[in-house]
Amino acid sequence: MSGFEFIFSLFGLILGLALAEGLGGLARALKASHRVRIGWPTALLGLFVSGDVVTFWMYGWAMRDLLPLSWPVLFGGFIVTAIYFLAASLVFPDDAEAWGDLSAHFDKHYRKVLGGILFCNVALLATVVVLAKSPPFDPRNIVITWSFFPVALLAIAAKDRRIACACLIWLIALYPLSAVWH
C-alpha cells in the first residue's frame with residue numbers, strides 16, 4: 001500500500017460519508033415532499049456541496065504524487081474532510097417535516113455550510129501552493145479558481161436569499177465550466 005493509498009483510505013471514507021449524508025438528507029426531504037417545500041435555495045446548496053466534495057476528491061487524486069505520508073497531512077486532511085461531512089449534514093434537516101419549508105432551514109444554516117466549504121477550499125489552495133505552485137492568473141483560472149473565493153464570501157455575507165442563490169448558481173456553474181474550458 002502506498003502512502004497515498006493509506007492517506008486517502010481515511011479521506012475517501014469521510015468524503016464518501018459526506019456525499020451519503022447529503023444524499024440521505026435529500027432522500028428524506030423528497031420522501032416528505034408531499035408535506036414539505038424543498039425550494040431552490042436548499043437544492044442549490046446541496047448541489048454545490050456535492051460538487052465541491054467531488055472536486056476535492058479529484059484534487060486529492062491529482063496531488064497523489066505530492067502528498068507525503070505525515071501527521072500534518074493526515075490530520076489536516078481529516079480536519080478538511082470532517083468539515084465537508086459537517087457541511088453536508090447541515091444542508092438538509094434531520095426531520096424535514098418539522099420545517100415545512102426548507103428555505104427557512106437554508107436561511108438558518110447556509111452561512112455555516114458555505115463558511116465550511118470556503119475553509120476547505122482555502123486549505124486546498126494553500127496545500128496546492130505549498131506542494132505544487134500557485135495557479136496562474138490566466139483568464140481560465142481567474143474565472144474558475146480565483147472567482148470562487150469572493151463569490152463564496154459574498155454569499156456568506158448576503159442578507160438577501162436571492163443574492164446567496166445567485167452566488168450558488170455561479171459557484172455550481174464553475175464545475176461544468178472547468179470540465180469544458182481547457
# chains A, B, ... in the order shown; residues from 1 in each chain; ligands from 1
call {"tool": "residues_around", "arguments": {"residues": "A:Trp181", "least_positions_apart": "4", "cutoff": "10 Å", "atoms": "only C-alpha atoms", "output": "count of residues only"}}
result
6
call {"tool": "residues_around", "arguments": {"residues": "stretch 21-38 of chain A", "least_positions_apart": "6", "cutoff": "10 Å", "atoms": "only C-alpha atoms", "output": "PyMOL selection string"}}
result
chain A and resi 15+46-47+49-50+85-106
call {"tool": "atom_distance", "arguments": {"atom1": "atom CA of A:Val113", "atom2": "atom CA of A:Ser134"}}
result
25.8 Å
call {"tool": "closest_residue", "arguments": {"among": "A:Gly115, A:Gly51, A:Gly76, A:Pro68", "to": "A:Leu131", "atoms": "only C-alpha atoms"}}
result
A:Pro68
call {"tool": "residues_around", "arguments": {"residues": "A:Tyr59", "least_positions_apart": "6", "cutoff": "10 Å", "atoms": "only C-alpha atoms", "output": "PDB file with N, CA and C atoms, in the first residue's frame"}}
result
ATOM      1  N   VAL A  53     -17.407  18.521  -2.886  1.00  0.00           N
ATOM      2  CA  VAL A  53     -16.832  17.293  -2.322  1.00  0.00           C
ATOM      3  C   VAL A  53     -16.175  16.471  -3.423  1.00  0.00           C
ATOM      4  N   LEU A 124      -7.301  23.736   0.687  1.00  0.00           N
ATOM      5  CA  LEU A 124      -6.882  23.048  -0.531  1.00  0.00           C
ATOM      6  C   LEU A 124      -5.944  23.920  -1.354  1.00  0.00           C
ATOM      7  N   LEU A 125      -6.314  25.175  -1.555  1.00  0.00           N
ATOM      8  CA  LEU A 125      -5.466  26.063  -2.342  1.00  0.00           C
ATOM      9  C   LEU A 125      -4.111  26.262  -1.663  1.00  0.00           C
ATOM     10  N   VAL A 128      -2.079  23.202  -2.367  1.00  0.00           N
ATOM     11  CA  VAL A 128      -1.608  23.216  -3.760  1.00  0.00           C
ATOM     12  C   VAL A 128      -0.418  24.171  -3.897  1.00  0.00           C
TER      13      VAL A 128
END
call {"tool": "closest_residue", "arguments": {"among": "A:Ile172, A:Leu118, A:Ile79, A:Ile7", "to": "A:Met63", "atoms": "only C-alpha atoms"}}
result
A:Ile7
call {"tool": "atom_distance", "arguments": {"atom1": "atom CA of A:Phe11", "atom2": "atom CA of A:Thr127"}}
result
14.9 Å
call {"tool": "select_by_dssp", "arguments": {"residues": "chain A", "states": "alpha helix (DSSP H)", "output": "PyMOL selection string"}}
result
chain A and resi 3-31+40-62+71-91+102-131+139-141+148-157+161-180
call {"tool": "closest_residue", "arguments": {"among": "A:Cys165, A:Leu154, A:Ile142, A:Leu45", "to": "A:Ser178", "atoms": "only C-alpha atoms"}}
result
A:Ile142
call {"tool": "atom_distance", "arguments": {"atom1": "atom CA of A:Phe4", "atom2": "atom CA of A:Leu69"}}
result
7.0 Å
call {"tool": "closest_residue", "arguments": {"among": "A:Trp146, A:Trp61, A:Phe48, A:Phe75", "to": "A:Leu10", "atoms": "only C-alpha atoms"}}
result
A:Phe75
call {"tool": "residues_around", "arguments": {"residues": "A:Ile83", "least_positions_apart": "5", "cutoff": "9 Å", "atoms": "only C-alpha atoms", "output": "JSON, numbers by chain"}}
result
{"A": [78, 88, 113, 116, 117, 119, 120]}
call {"tool": "closest_residue", "arguments": {"among": "A:Val80, A:Ala62, A:Leu171, A:Ala158", "to": "A:Asp107", "atoms": "only C-alpha atoms"}}
result
A:Ala158
call {"tool": "residues_around", "arguments": {"residues": "A:Ala164", "least_positions_apart": "4", "cutoff": "10 Å", "atoms": "only C-alpha atoms", "output": "JSON, numbers by chain"}}
result
{"A": [41, 44, 45, 107, 110, 111, 114, 151, 152, 153, 154, 155, 156, 157, 158, 159, 160, 168, 169, 170]}
call {"tool": "closest_residue", "arguments": {"among": "A:Gly77, A:Phe56, A:Ala18, A:Arg162", "to": "A:Tyr175", "atoms": "only C-alpha atoms"}}
result
A:Phe56
